[in-house]
Amino acid sequence: GAVVSQHPSWVICKSGTSVKIECRSLDFQATTMFWYRQFPKQSLMLMATSNEGSKATYEQGVEKDKFLINHASLTLSTLTVTSAHPEDSSFYICSAYPNGRVYEQYFGPGTRLTVT
Amino acid sequence: DAKTTQPTSMDCAEGRAANLPCNHSTISGNEYVYWYRQIHSQGPQYIIHGLKNNETNEMASLIITEDRKSSTLILPHATLRDTAVYYCIVGAGGTSYGKLTFGQGTILTVHP
């Protein structure tokens, strides 16, 4: 199956700093990628849809100025958490599907963000 | 997207079939049924999807009722590594294409 990677797998940062998380499709091209957030003992919540070469689409309630998404190429999307605060601590997961195969999404292993 | 209802948790003996039910009574004609699972602290894994017909792949079988209001995911010979949260998701095309709305899922525990 297709592989999606994320980097870093975990990060600890201080309150007020910014953190960048990378999502890469390793063996396929993805025009569209998705970013999810998962708090402990909760389900995944879609944050935004990342589109190569255009602006991301954010779900209701997600601050676009706080969670900056850049989809610079067909294999890379980045999520930057700006001015992070402890309440942003969460498990961030990206997903992508090979172009033309939207029925099969492949998820990255996730990035555990802890803001102190 | 249509809402799904799944049991909170299920148990299964290793080597036996695990049958995970899902109700999606408000599913519309162009919506697919997807199954994903998430093993603790990992990203979800795609299992299978279907529209009307029953589907089978190397991981599982998906049985969709004729009225499409419910479905069952079958893991034919469950192993300990199948212990995970299983999500039944209904998704459509159009502008929502590819967007998945995760519910609480079913915690499947496979025991020796």
# chains A, B, ... in the order shown; residues from 1 in each chain; ligands from 1
call {"tool": "interface_residues", "arguments": {"of": "chain B", "to": "chain A", "cutoff": "7 Å", "atoms": "only C-alpha atoms", "output": "number ranges by chain"}}
result
B: 42-46, 98, 102-104
call {"tool": "residues_around", "arguments": {"residues": "region 106-111 of chain B", "least_positions_apart": "5", "cutoff": "6 Å", "atoms": "only C-alpha atoms", "output": "MDAnalysis selection string"}}
result
chainID B and resid 7:14 80 83:86
call {"tool": "residues_around", "arguments": {"residues": "region 30-34 of chain B", "least_positions_apart": "3", "cutoff": "9 Å", "atoms": "only C-alpha atoms", "output": "NGL selection string"}}
result
(:A and (103-104)) or (:B and (1-2 or 24 or 27 or 46-52 or 64 or 71 or 87-93 or 100))
call {"tool": "write_last_selection", "arguments": {"atoms": "C-alpha atoms", "output": "PDB file, in the first residue's frame"}}
result
ATOM      1  CA  TYR A 103     -11.605   5.862  -1.695  1.00  0.00           C
ATOM      2  CA  GLU A 104      -8.356   4.766  -0.112  1.00  0.00           C
TER       3      GLU A 104
ATOM      4  CA  ASP B   1     -22.535  13.092   5.441  1.00  0.00           C
ATOM      5  CA  ALA B   2     -24.711  10.449   7.036  1.00  0.00           C
ATOM      6  CA  HIS B  24     -26.114   4.183   8.771  1.00  0.00           C
ATOM      7  CA  ILE B  27     -27.150   7.045   4.040  1.00  0.00           C
ATOM      8  CA  TYR B  46      -7.694   1.899   5.518  1.00  0.00           C
ATOM      9  CA  ILE B  47      -9.454  -1.462   5.542  1.00  0.00           C
ATOM     10  CA  ILE B  48     -12.168  -1.571   2.914  1.00  0.00           C
ATOM     11  CA  HIS B  49     -14.958   0.396   1.308  1.00  0.00           C
ATOM     12  CA  GLY B  50     -18.159  -0.327  -0.604  1.00  0.00           C
ATOM     13  CA  LEU B  51     -21.209   1.230  -2.194  1.00  0.00           C
ATOM     14  CA  LYS B  52     -23.843  -1.442  -2.701  1.00  0.00           C
ATOM     15  CA  ILE B  64     -23.853  -4.161   3.102  1.00  0.00           C
ATOM     16  CA  SER B  71     -23.209  -2.969   7.191  1.00  0.00           C
ATOM     17  CA  TYR B  87     -14.327   3.276  12.464  1.00  0.00           C
ATOM     18  CA  CYS B  88     -17.282   2.964  10.117  1.00  0.00           C
ATOM     19  CA  ILE B  89     -17.551   6.112   8.017  1.00  0.00           C
ATOM     20  CA  VAL B  90     -20.030   7.175   5.397  1.00  0.00           C
ATOM     21  CA  GLY B  91     -18.822   9.656   2.830  1.00  0.00           C
ATOM     22  CA  ALA B  92     -20.078  11.235  -0.337  1.00  0.00           C
ATOM     23  CA  GLY B  93     -18.747  12.887  -3.419  1.00  0.00           C
ATOM     24  CA  LEU B 100     -13.790  11.658   6.435  1.00  0.00           C
TER      25      LEU B 100
END
call {"tool": "atom_distance", "arguments": {"atom1": "CA of Arg24 (chain A)", "atom2": "CA of Ser5 (chain A)"}}
result
5.2 Å
call {"tool": "residues_around", "arguments": {"residues": "Leu62 (chain B)", "least_positions_apart": "5", "cutoff": "6 Å", "atoms": "only C-alpha atoms", "output": "CSV table (one decimal) with N, CA and C atoms, in the first residue's frame"}}
result
chain,number,residue,atom,x,y,z
B,54,ASN,N,-21.3,-6.4,-1.7
B,54,ASN,CA,-20.4,-6.9,-0.7
B,54,ASN,C,-19.0,-6.9,-1.3
B,55,GLU,N,-18.0,-6.6,-0.5
B,55,GLU,CA,-16.6,-6.5,-0.9
B,55,GLU,C,-15.7,-7.3,-0.1
B,72,THR,N,-21.7,-4.7,7.9
B,72,THR,CA,-20.9,-5.5,8.9
B,72,THR,C,-19.5,-5.7,8.3
B,73,LEU,N,-18.5,-5.3,9.1
B,73,LEU,CA,-17.1,-5.6,8.7
B,73,LEU,C,-16.8,-7.0,9.3
call {"tool": "decode", "arguments": {"residues": "region 102-114 of chain A", "atoms": "all heavy atoms", "output": "PDB file, in the first residue's frame"}}
result
ATOM      1  N   VAL A 102      -9.572   8.196  -4.468  1.00  0.00           N
ATOM      2  CA  VAL A 102     -10.012   8.912  -3.275  1.00  0.00           C
ATOM      3  C   VAL A 102     -10.602   7.981  -2.234  1.00  0.00           C
ATOM      4  O   VAL A 102     -10.731   8.329  -1.073  1.00  0.00           O
ATOM      5  CB  VAL A 102     -11.027  10.004  -3.667  1.00  0.00           C
ATOM      6  CG1 VAL A 102     -12.320   9.366  -4.160  1.00  0.00           C
ATOM      7  CG2 VAL A 102     -11.306  10.935  -2.500  1.00  0.00           C
ATOM      8  N   TYR A 103     -10.977   6.776  -2.638  1.00  0.00           N
ATOM      9  CA  TYR A 103     -11.605   5.862  -1.695  1.00  0.00           C
ATOM     10  C   TYR A 103     -10.627   5.247  -0.711  1.00  0.00           C
ATOM     11  O   TYR A 103     -11.040   4.631   0.265  1.00  0.00           O
ATOM     12  CB  TYR A 103     -12.317   4.742  -2.458  1.00  0.00           C
ATOM     13  CG  TYR A 103     -13.261   5.274  -3.514  1.00  0.00           C
ATOM     14  CD1 TYR A 103     -12.960   5.170  -4.864  1.00  0.00           C
ATOM     15  CD2 TYR A 103     -14.439   5.913  -3.140  1.00  0.00           C
ATOM     16  CE1 TYR A 103     -13.812   5.678  -5.830  1.00  0.00           C
ATOM     17  CE2 TYR A 103     -15.300   6.427  -4.100  1.00  0.00           C
ATOM     18  CZ  TYR A 103     -14.971   6.305  -5.444  1.00  0.00           C
ATOM     19  OH  TYR A 103     -15.807   6.807  -6.394  1.00  0.00           O
ATOM     20  N   GLU A 104      -9.363   5.387  -0.970  1.00  0.00           N
ATOM     21  CA  GLU A 104      -8.356   4.766  -0.112  1.00  0.00           C
ATOM     22  C   GLU A 104      -7.433   5.841   0.427  1.00  0.00           C
ATOM     23  O   GLU A 104      -6.479   6.239  -0.221  1.00  0.00           O
ATOM     24  CB  GLU A 104      -7.535   3.755  -0.901  1.00  0.00           C
ATOM     25  CG  GLU A 104      -8.341   2.634  -1.517  1.00  0.00           C
ATOM     26  CD  GLU A 104      -7.487   1.749  -2.403  1.00  0.00           C
ATOM     27  OE1 GLU A 104      -6.264   1.703  -2.213  1.00  0.00           O
ATOM     28  OE2 GLU A 104      -8.060   1.094  -3.294  1.00  0.00           O
ATOM     29  N   GLN A 105      -7.713   6.318   1.604  1.00  0.00           N
ATOM     30  CA  GLN A 105      -6.838   7.310   2.208  1.00  0.00           C
ATOM     31  C   GLN A 105      -5.775   6.617   3.038  1.00  0.00           C
ATOM     32  O   GLN A 105      -6.040   5.644   3.729  1.00  0.00           O
ATOM     33  CB  GLN A 105      -7.635   8.274   3.090  1.00  0.00           C
ATOM     34  CG  GLN A 105      -8.362   9.322   2.292  1.00  0.00           C
ATOM     35  CD  GLN A 105      -8.803  10.486   3.136  1.00  0.00           C
ATOM     36  OE1 GLN A 105      -8.126  10.875   4.096  1.00  0.00           O
ATOM     37  NE2 GLN A 105      -9.950  11.035   2.791  1.00  0.00           N
ATOM     38  N   TYR A 106      -4.593   7.178   2.961  1.00  0.00           N
ATOM     39  CA  TYR A 106      -3.474   6.647   3.718  1.00  0.00           C
ATOM     40  C   TYR A 106      -3.045   7.702   4.724  1.00  0.00           C
ATOM     41  O   TYR A 106      -2.865   8.865   4.384  1.00  0.00           O
ATOM     42  CB  TYR A 106      -2.333   6.258   2.775  1.00  0.00           C
ATOM     43  CG  TYR A 106      -2.738   5.123   1.867  1.00  0.00           C
ATOM     44  CD1 TYR A 106      -3.311   5.374   0.630  1.00  0.00           C
ATOM     45  CD2 TYR A 106      -2.609   3.804   2.285  1.00  0.00           C
ATOM     46  CE1 TYR A 106      -3.728   4.338  -0.185  1.00  0.00           C
ATOM     47  CE2 TYR A 106      -3.018   2.765   1.470  1.00  0.00           C
ATOM     48  CZ  TYR A 106      -3.590   3.035   0.242  1.00  0.00           C
ATOM     49  OH  TYR A 106      -4.007   2.000  -0.564  1.00  0.00           O
ATOM     50  N   PHE A 107      -2.927   7.254   5.951  1.00  0.00           N
ATOM     51  CA  PHE A 107      -2.637   8.174   7.043  1.00  0.00           C
ATOM     52  C   PHE A 107      -1.169   8.089   7.446  1.00  0.00           C
ATOM     53  O   PHE A 107      -0.557   7.023   7.398  1.00  0.00           O
ATOM     54  CB  PHE A 107      -3.510   7.849   8.257  1.00  0.00           C
ATOM     55  CG  PHE A 107      -4.937   8.268   8.086  1.00  0.00           C
ATOM     56  CD1 PHE A 107      -5.811   7.512   7.322  1.00  0.00           C
ATOM     57  CD2 PHE A 107      -5.408   9.431   8.680  1.00  0.00           C
ATOM     58  CE1 PHE A 107      -7.127   7.906   7.152  1.00  0.00           C
ATOM     59  CE2 PHE A 107      -6.723   9.827   8.522  1.00  0.00           C
ATOM     60  CZ  PHE A 107      -7.583   9.060   7.755  1.00  0.00           C
ATOM     61  N   GLY A 108      -0.655   9.230   7.869  1.00  0.00           N
ATOM     62  CA  GLY A 108       0.675   9.238   8.438  1.00  0.00           C
ATOM     63  C   GLY A 108       0.638   8.674   9.847  1.00  0.00           C
ATOM     64  O   GLY A 108      -0.431   8.450  10.412  1.00  0.00           O
ATOM     65  N   PRO A 109       1.813   8.463  10.431  1.00  0.00           N
ATOM     66  CA  PRO A 109       1.890   7.879  11.776  1.00  0.00           C
ATOM     67  C   PRO A 109       1.530   8.856  12.879  1.00  0.00           C
ATOM     68  O   PRO A 109       1.392   8.457  14.033  1.00  0.00           O
ATOM     69  CB  PRO A 109       3.345   7.433  11.881  1.00  0.00           C
ATOM     70  CG  PRO A 109       4.072   8.344  10.956  1.00  0.00           C
ATOM     71  CD  PRO A 109       3.122   8.633   9.831  1.00  0.00           C
ATOM     72  N   GLY A 110       1.380  10.118  12.528  1.00  0.00           N
ATOM     73  CA  GLY A 110       1.002  11.109  13.532  1.00  0.00           C
ATOM     74  C   GLY A 110       2.191  11.821  14.148  1.00  0.00           C
ATOM     75  O   GLY A 110       3.320  11.299  14.161  1.00  0.00           O
ATOM     76  N   THR A 111       1.938  13.018  14.642  1.00  0.00           N
ATOM     77  CA  THR A 111       2.930  13.823  15.358  1.00  0.00           C
ATOM     78  C   THR A 111       2.341  14.216  16.698  1.00  0.00           C
ATOM     79  O   THR A 111       1.280  14.835  16.758  1.00  0.00           O
ATOM     80  CB  THR A 111       3.301  15.092  14.568  1.00  0.00           C
ATOM     81  OG1 THR A 111       3.918  14.726  13.333  1.00  0.00           O
ATOM     82  CG2 THR A 111       4.248  15.974  15.383  1.00  0.00           C
ATOM     83  N   ARG A 112       3.042  13.845  17.752  1.00  0.00           N
ATOM     84  CA  ARG A 112       2.579  14.184  19.101  1.00  0.00           C
ATOM     85  C   ARG A 112       3.188  15.521  19.483  1.00  0.00           C
ATOM     86  O   ARG A 112       4.400  15.645  19.585  1.00  0.00           O
ATOM     87  CB  ARG A 112       3.035  13.103  20.092  1.00  0.00           C
ATOM     88  CG  ARG A 112       2.686  13.383  21.540  1.00  0.00           C
ATOM     89  CD  ARG A 112       1.233  13.136  21.843  1.00  0.00           C
ATOM     90  NE  ARG A 112       0.845  11.768  21.536  1.00  0.00           N
ATOM     91  CZ  ARG A 112      -0.426  11.362  21.518  1.00  0.00           C
ATOM     92  NH1 ARG A 112      -1.398  12.209  21.785  1.00  0.00           N
ATOM     93  NH2 ARG A 112      -0.710  10.119  21.236  1.00  0.00           N
ATOM     94  N   LEU A 113       2.363  16.547  19.646  1.00  0.00           N
ATOM     95  CA  LEU A 113       2.834  17.882  20.030  1.00  0.00           C
ATOM     96  C   LEU A 113       2.502  18.135  21.491  1.00  0.00           C
ATOM     97  O   LEU A 113       1.338  17.998  21.896  1.00  0.00           O
ATOM     98  CB  LEU A 113       2.178  18.951  19.156  1.00  0.00           C
ATOM     99  CG  LEU A 113       2.377  20.411  19.606  1.00  0.00           C
ATOM    100  CD1 LEU A 113       3.854  20.794  19.542  1.00  0.00           C
ATOM    101  CD2 LEU A 113       1.544  21.365  18.752  1.00  0.00           C
ATOM    102  N   THR A 114       3.505  18.508  22.238  1.00  0.00           N
ATOM    103  CA  THR A 114       3.315  18.898  23.629  1.00  0.00           C
ATOM    104  C   THR A 114       3.827  20.314  23.792  1.00  0.00           C
ATOM    105  O   THR A 114       4.995  20.588  23.491  1.00  0.00           O
ATOM    106  CB  THR A 114       4.061  17.963  24.592  1.00  0.00           C
ATOM    107  OG1 THR A 114       3.592  16.617  24.406  1.00  0.00           O
ATOM    108  CG2 THR A 114       3.830  18.375  26.041  1.00  0.00           C
TER     109      THR A 114
END
